[in-house]
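**Q** File name my_file.cif; file contents mmCIF, C-alpha atoms; full text below.
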```cif
data_data
#
loop_
_atom_site.label_atom_id
_atom_site.label_comp_id
_atom_site.auth_asym_id
_atom_site.auth_seq_id
_atom_site.Cartn_x
_atom_site.Cartn_y
_atom_site.Cartn_z
CA MET A 287 -7.28 -6.91 -10.10
CA ASN A 288 -7.41 -9.54 -12.85
CA THR A 289 -7.93 -12.23 -10.21
CA VAL A 290 -10.84 -10.28 -8.73
CA LEU A 291 -12.38 -9.86 -12.18
CA VAL A 292 -12.06 -13.57 -12.95
CA GLN A 293 -13.64 -14.54 -9.63
CA GLU A 294 -16.51 -12.10 -10.11
CA THR A 295 -17.07 -13.32 -13.66
CA ILE A 296 -17.21 -16.94 -12.51
CA ARG A 297 -19.78 -16.10 -9.84
CA TYR A 298 -22.01 -14.15 -12.21
CA ASN A 299 -21.73 -16.79 -14.93
CA ARG A 300 -22.77 -19.44 -12.42
CA LEU A 301 -25.80 -17.38 -11.41
CA LEU A 302 -26.80 -16.67 -15.03
CA SER A 303 -26.41 -20.37 -15.88
CA VAL A 304 -28.71 -21.40 -13.01
CA ILE A 305 -31.29 -18.79 -14.07
CA ALA A 306 -31.25 -19.87 -17.73
CA THR A 307 -31.38 -23.60 -16.94
CA SER A 308 -34.19 -23.31 -14.39
CA LEU A 309 -36.29 -21.11 -16.68
CA ARG A 310 -35.92 -23.61 -19.53
CA GLU A 311 -36.93 -26.45 -17.20
CA LEU A 312 -39.91 -24.50 -15.87
CA LYS A 313 -41.07 -23.78 -19.40
CA ARG A 314 -40.86 -27.46 -20.30
CA ALA A 315 -42.67 -28.44 -17.09
CA LEU A 316 -45.52 -26.01 -17.84
CA LYS A 317 -45.83 -27.56 -21.30
CA GLY A 318 -45.97 -31.04 -19.77
CA GLU A 319 -42.71 -32.16 -21.35
CA MET A 320 -41.13 -32.99 -17.96
CA VAL A 321 -42.15 -33.51 -14.35
CA MET A 322 -43.00 -30.40 -12.34
CA THR A 323 -40.67 -30.85 -9.37
CA GLU A 324 -41.18 -29.21 -5.99
CA SER A 325 -38.32 -26.77 -6.60
CA LEU A 326 -39.78 -25.75 -9.97
CA GLU A 327 -43.21 -25.29 -8.42
CA GLU A 328 -41.73 -23.07 -5.70
CA MET A 329 -39.88 -21.14 -8.38
CA ALA A 330 -43.12 -20.57 -10.33
CA ASP A 331 -44.84 -19.30 -7.17
CA SER A 332 -41.95 -16.92 -6.47
CA LEU A 333 -42.05 -15.53 -10.01
CA PHE A 334 -45.81 -14.98 -9.71
CA ASN A 335 -45.34 -13.17 -6.36
CA ASN A 336 -42.48 -10.98 -7.66
CA GLN A 337 -40.00 -12.68 -5.32
CA ILE A 338 -36.51 -14.03 -6.02
CA PRO A 339 -36.73 -17.84 -6.33
CA GLU A 340 -34.83 -19.74 -3.65
CA LEU A 341 -33.19 -21.75 -6.43
CA TRP A 342 -31.53 -18.53 -7.60
CA ASN A 343 -30.88 -17.16 -4.11
CA ARG A 344 -28.61 -20.10 -3.30
CA VAL A 345 -26.02 -18.94 -5.83
CA ALA A 346 -26.86 -15.21 -5.86
CA TYR A 347 -25.47 -12.24 -3.97
CA PRO A 348 -27.33 -11.01 -0.84
CA SER A 349 -30.33 -8.88 -1.75
CA LEU A 350 -33.61 -7.68 -0.21
CA MET A 351 -35.08 -6.49 -3.50
CA SER A 352 -38.24 -7.65 -5.18
CA LEU A 353 -37.75 -9.77 -8.28
CA SER A 354 -38.35 -6.92 -10.75
CA SER A 355 -35.85 -4.64 -8.99
CA TRP A 356 -33.40 -7.52 -8.61
CA VAL A 357 -33.45 -8.30 -12.34
CA ALA A 358 -32.78 -4.64 -13.20
CA ASP A 359 -29.96 -4.61 -10.64
CA LEU A 360 -28.49 -7.83 -12.07
CA ILE A 361 -28.46 -6.32 -15.57
CA GLN A 362 -26.55 -3.28 -14.26
CA ARG A 363 -24.07 -5.54 -12.47
CA CYS A 364 -23.44 -7.59 -15.61
CA ASP A 365 -22.97 -4.37 -17.61
CA PHE A 366 -20.41 -3.19 -15.03
CA ILE A 367 -18.44 -6.45 -15.29
CA GLY A 368 -18.77 -6.44 -19.09
CA ARG A 369 -17.35 -2.91 -19.41
CA TRP A 370 -14.48 -3.91 -17.14
CA ILE A 371 -13.69 -6.85 -19.44
CA ASP A 372 -14.06 -4.87 -22.68
CA GLN A 373 -12.54 -1.52 -21.68
CA GLY A 374 -10.03 -2.50 -19.00
CA ILE A 375 -9.77 -1.41 -15.37
CA PRO A 376 -12.19 1.48 -14.78
CA ASN A 377 -11.16 4.79 -13.23
CA SER A 378 -13.78 4.30 -10.51
CA PHE A 379 -15.54 1.16 -9.29
CA TRP A 380 -19.23 0.62 -8.58
CA ILE A 381 -18.76 -1.16 -5.26
CA SER A 382 -22.41 -2.22 -5.23
CA GLY A 383 -21.76 -4.27 -8.37
CA PHE A 384 -19.42 -6.75 -6.70
CA PHE A 385 -20.56 -10.21 -5.69
CA PHE A 386 -17.87 -10.20 -2.98
CA PRO A 387 -16.59 -6.64 -2.32
CA GLN A 388 -14.26 -7.84 0.46
CA ALA A 389 -12.14 -9.68 -2.11
CA PHE A 390 -11.94 -6.50 -4.21
CA LEU A 391 -10.69 -4.51 -1.20
CA THR A 392 -8.17 -7.20 -0.30
CA GLY A 393 -6.94 -7.22 -3.90
CA THR A 394 -6.41 -3.46 -3.73
CA LEU A 395 -4.25 -3.84 -0.62
CA GLN A 396 -2.30 -6.68 -2.25
CA ASN A 397 -1.56 -4.54 -5.32
CA PHE A 398 -0.14 -1.81 -3.07
CA ALA A 399 1.90 -4.34 -1.09
CA ARG A 400 3.44 -5.81 -4.27
CA LYS A 401 4.11 -2.39 -5.79
CA TYR A 402 6.12 -1.15 -2.81
CA SER A 403 7.30 -4.56 -1.47
CA LYS A 404 5.52 -4.04 1.84
CA PRO A 405 3.93 -6.64 4.15
CA ILE A 406 0.19 -6.65 3.55
CA ASP A 407 -0.54 -7.04 7.26
CA ALA A 408 0.90 -3.56 7.84
CA ILE A 409 -1.30 -1.90 5.20
CA SER A 410 -4.75 -0.42 5.71
CA PHE A 411 -6.97 2.15 4.04
CA SER A 412 -7.24 5.86 4.61
CA PHE A 413 -10.45 7.45 3.37
CA HIS A 414 -11.03 10.60 1.32
CA VAL A 415 -14.46 11.85 0.30
CA LEU A 416 -14.37 13.31 -3.22
CA GLU A 417 -16.83 15.81 -4.64
CA THR A 418 -16.26 14.56 -8.19
CA LYS A 419 -18.96 12.52 -9.92
CA PRO A 420 -17.94 8.98 -10.99
CA ASP A 421 -18.07 9.76 -14.71
CA GLN A 422 -15.91 12.85 -14.21
CA ILE A 423 -12.94 10.87 -12.87
CA LYS A 424 -10.64 10.84 -15.90
CA GLN A 425 -7.73 8.87 -14.45
CA LYS A 426 -7.10 6.26 -11.81
CA PRO A 427 -5.47 7.30 -8.54
CA GLU A 428 -1.79 6.43 -8.26
CA ASP A 429 -2.54 4.21 -5.27
CA GLY A 430 -5.83 2.75 -4.14
CA VAL A 431 -9.23 2.91 -5.81
CA CYS A 432 -12.20 5.25 -6.11
CA VAL A 433 -15.57 3.65 -5.33
CA TYR A 434 -19.13 4.87 -5.65
CA GLY A 435 -22.66 3.56 -5.23
CA LEU A 436 -22.97 3.74 -1.42
CA HIS A 437 -26.10 4.94 0.38
CA LEU A 438 -26.11 6.63 3.79
CA GLN A 439 -28.76 6.04 6.44
CA GLY A 440 -29.16 8.13 9.60
CA ALA A 441 -27.23 11.10 8.20
CA ARG A 442 -26.22 12.81 4.97
CA TRP A 443 -23.02 14.30 3.59
CA ASP A 444 -22.78 18.08 3.42
CA SER A 445 -20.50 18.82 0.47
CA GLN A 446 -20.03 22.46 1.49
CA ARG A 447 -19.11 21.86 5.13
CA LYS A 448 -17.34 18.54 4.34
CA THR A 449 -19.00 16.76 7.24
CA LEU A 450 -21.86 14.50 8.23
CA VAL A 451 -25.07 16.36 9.06
CA ASP A 452 -28.62 15.40 10.02
CA PRO A 453 -30.72 13.95 7.19
CA LYS A 454 -33.41 16.00 5.53
CA PRO A 455 -37.02 15.50 6.69
CA ARG A 456 -38.50 12.23 5.38
CA GLU A 457 -35.17 11.29 3.81
CA LEU A 458 -34.44 7.66 4.67
CA PHE A 459 -31.33 7.27 2.53
CA ALA A 460 -28.92 9.76 1.02
CA PRO A 461 -26.43 9.05 -1.77
CA PHE A 462 -22.82 9.13 -0.60
CA PRO A 463 -20.13 10.78 -2.77
CA VAL A 464 -17.22 9.03 -4.43
CA LEU A 465 -14.82 7.62 -1.87
CA TRP A 466 -11.08 7.26 -2.45
CA LEU A 467 -9.66 4.27 -0.58
CA GLN A 468 -5.93 4.98 -0.29
CA PRO A 469 -3.68 2.23 1.11
CA GLU A 470 -1.11 3.35 3.68
CA GLU A 471 1.56 1.51 5.64
CA GLU A 472 1.48 1.46 9.45
CA ARG A 473 -1.52 3.75 9.49
CA LYS A 474 -3.16 4.53 12.82
CA ASP A 475 -6.91 4.99 13.09
CA THR A 476 -8.01 8.62 13.30
CA GLU A 477 -9.61 9.19 16.71
CA VAL A 478 -10.76 12.82 16.45
CA GLY A 479 -13.14 14.41 13.95
CA VAL A 480 -14.31 11.20 12.28
CA TYR A 481 -17.09 8.65 12.64
CA ARG A 482 -16.16 5.03 11.96
CA CYS A 483 -19.13 4.25 9.76
CA PRO A 484 -19.89 0.56 9.06
CA VAL A 485 -20.53 -0.51 5.48
CA TYR A 486 -22.99 -3.33 4.81
CA LYS A 487 -24.06 -5.09 1.63
CA THR A 488 -27.78 -4.98 2.54
CA LEU A 489 -30.04 -3.21 5.03
CA LEU A 490 -30.17 -6.21 7.40
CA ARG A 491 -26.99 -5.13 9.25
CA THR A 492 -26.48 -8.74 10.27
CA GLY A 493 -24.39 -11.53 8.82
CA THR A 494 -22.45 -14.68 9.55
CA LEU A 495 -18.80 -15.51 9.11
CA SER A 496 -18.14 -17.43 5.90
CA THR A 497 -15.44 -20.04 5.35
CA THR A 498 -13.12 -17.26 4.14
CA GLY A 499 -13.32 -15.51 7.52
CA HIS A 500 -15.33 -12.60 6.08
CA SER A 501 -18.84 -11.60 7.08
CA THR A 502 -21.61 -12.36 4.62
CA ASN A 503 -22.91 -8.80 5.03
CA PHE A 504 -20.44 -6.47 6.78
CA VAL A 505 -17.75 -5.06 4.46
CA LEU A 506 -15.55 -2.59 6.38
CA PHE A 507 -15.49 0.54 8.54
CA VAL A 508 -15.09 3.90 6.77
CA GLU A 509 -13.79 6.97 8.59
CA VAL A 510 -16.15 9.80 7.65
CA PRO A 511 -15.36 13.39 8.75
CA THR A 512 -17.78 14.86 11.29
CA THR A 513 -17.94 17.97 13.42
CA ALA A 514 -20.46 16.32 15.74
CA PRO A 515 -19.44 13.74 18.37
CA PRO A 516 -19.34 10.19 16.94
CA GLN A 517 -21.78 9.11 19.67
CA LYS A 518 -24.48 11.12 17.88
CA TRP A 519 -24.19 9.01 14.74
CA ILE A 520 -23.94 5.80 16.72
CA LYS A 521 -27.28 6.60 18.41
CA ALA A 522 -28.74 7.55 15.02
CA GLY A 523 -27.71 4.16 13.61
CA CYS A 524 -25.73 5.84 10.86
CA ALA A 525 -24.39 3.32 8.32
CA LEU A 526 -23.48 2.95 4.66
CA PHE A 527 -25.10 0.35 2.40
CA CYS A 528 -24.16 -1.08 -0.97
CA ALA A 529 -27.73 -1.95 -1.91
CA LEU A 530 -31.23 -0.90 -0.86
CA ARG A 531 -34.60 -2.59 -1.27
CA TYR A 532 -35.24 -1.02 -4.68
#
```
Let me see whether you can do it: turn the structure in this file into structure tokens.

**A**
Amino acid sequence: MNTVLVQETIRYNRLLSVIATSLRELKRALKGEMVMTESLEEMADSLFNNQIPELWNRVAYPSLMSLSSWVADLIQRCDFIGRWIDQGIPNSFWISGFFFPQAFLTGTLQNFARKYSKPIDAISFSFHVLETKPDQIKQKPEDGVCVYGLHLQGARWDSQRKTLVDPKPRELFAPFPVLWLQPEEERKDTEVGVYRCPVYKTLLRTGTLSTTGHSTNFVLFVEVPTTAPPQKWIKAGCALFCALRY
């Protein structure tokens, strides 16, 4: 996990450095102390329109938020990384706070593989929905990680029946409970009583393959218990998201 933390810290520091440098340059350009370049002019227009400047987007994580919401989200992400650095590995992880959640998941599988001297190619996650709130988790699971911060579209989780159910009227997104990702060796996918729900970083549901072989938006499939046929949730477009538009 230390490698994941270092990589995330580097990415956020790079983003914060670009933000600080560009704001200083824009301030100087507005004072007439330096030339107002095209990129700085576009940045000023974006700030005025409450949009994320393209100069920042190039080094930032995927987001569909307005600038004001994005800044508040960035502060929460930096706080999450800062607490991890200051207080050590947390008992549960805010998966929405990762720049690259796929690397975090891969690191979890690698830790399990090293612990039990197993080939990582034979290890995959099993999924357990927990009814405990993130701040009530007092100790880390023996294997795997607990994650929170996901949002469900097209359905909601019924904590009493332990299954997916139809969303409430006018409810676009429903918070999803804490999820325990437990690594297992030679695990076979569950075919009955679950819906393989896709997890995306943003609401776009589209992405491209990066140089690492991972999608820029899709994260993984999560097996969510359901008493209804999976085809129902497929037609409903049911999916989990790390971040919304606000």

**Q** Have a look at A:Gly430, A:Val508, A:Val292, A:Leu309 and name the one nearest to Phe385 in chain A; count all atoms listed in the file.

**A**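 Looking at the shortest contact to Phe385 in chain A, the residue is A:Val292.
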
**Q** What residues come out when you apply the PyMOL selection byres ((chain A and resi 431) around 9) to this file, written as a PyMOL selection string?

**A** chain A and resi 377-379+391+394+426-430+432-433+465-469

**Q** What does the distance from CA of Leu506 in chain A to CA of Gln425 in chain A come to in Å, to one decimal?

**A**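 Answer for the CA of Leu506 in chain A to CA of Gln425 in chain A separation: 25.0 Å.
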
**Q** For Glu457 in chain A, which residue among A:Gly440, A:Pro376, A:Gly368, A:Gly393 is the nearest when counting all atoms listed in the file?

**A**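 Counting all atoms listed in the file, the residue closest to Glu457 in chain A is A:Gly440.
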
**Q** Looking at A:Arg297, A:Arg456, A:Arg363, A:Arg314, which one is nearest to Val345 in chain A, with distances taken over all atoms listed in the file?

**A**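 For Val345 in chain A, the nearest of the given residues is A:Arg297.
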
**Q** Taking all atoms listed in the file into account, which of A:Phe366, A:Trp443, A:Phe504, A:Tyr532 comes nearest Arg491 in chain A?

**A** A:Phe504

**Q** Report, in Å with one decimal, the straight-line distance from CA of Thr295 in chain A to CA of Ala346 in chain A.

**A**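 One can read the CA of Thr295 in chain A to CA of Ala346 in chain A distance as 12.7 Å.
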
**Q** Might you spell out which residues the PyMOL selection byres ((chain A and resi 482) around 8) would select in the displayed file, as a PyMOL selection string?

**A** chain A and resi 480-481+483-484+507-510+516
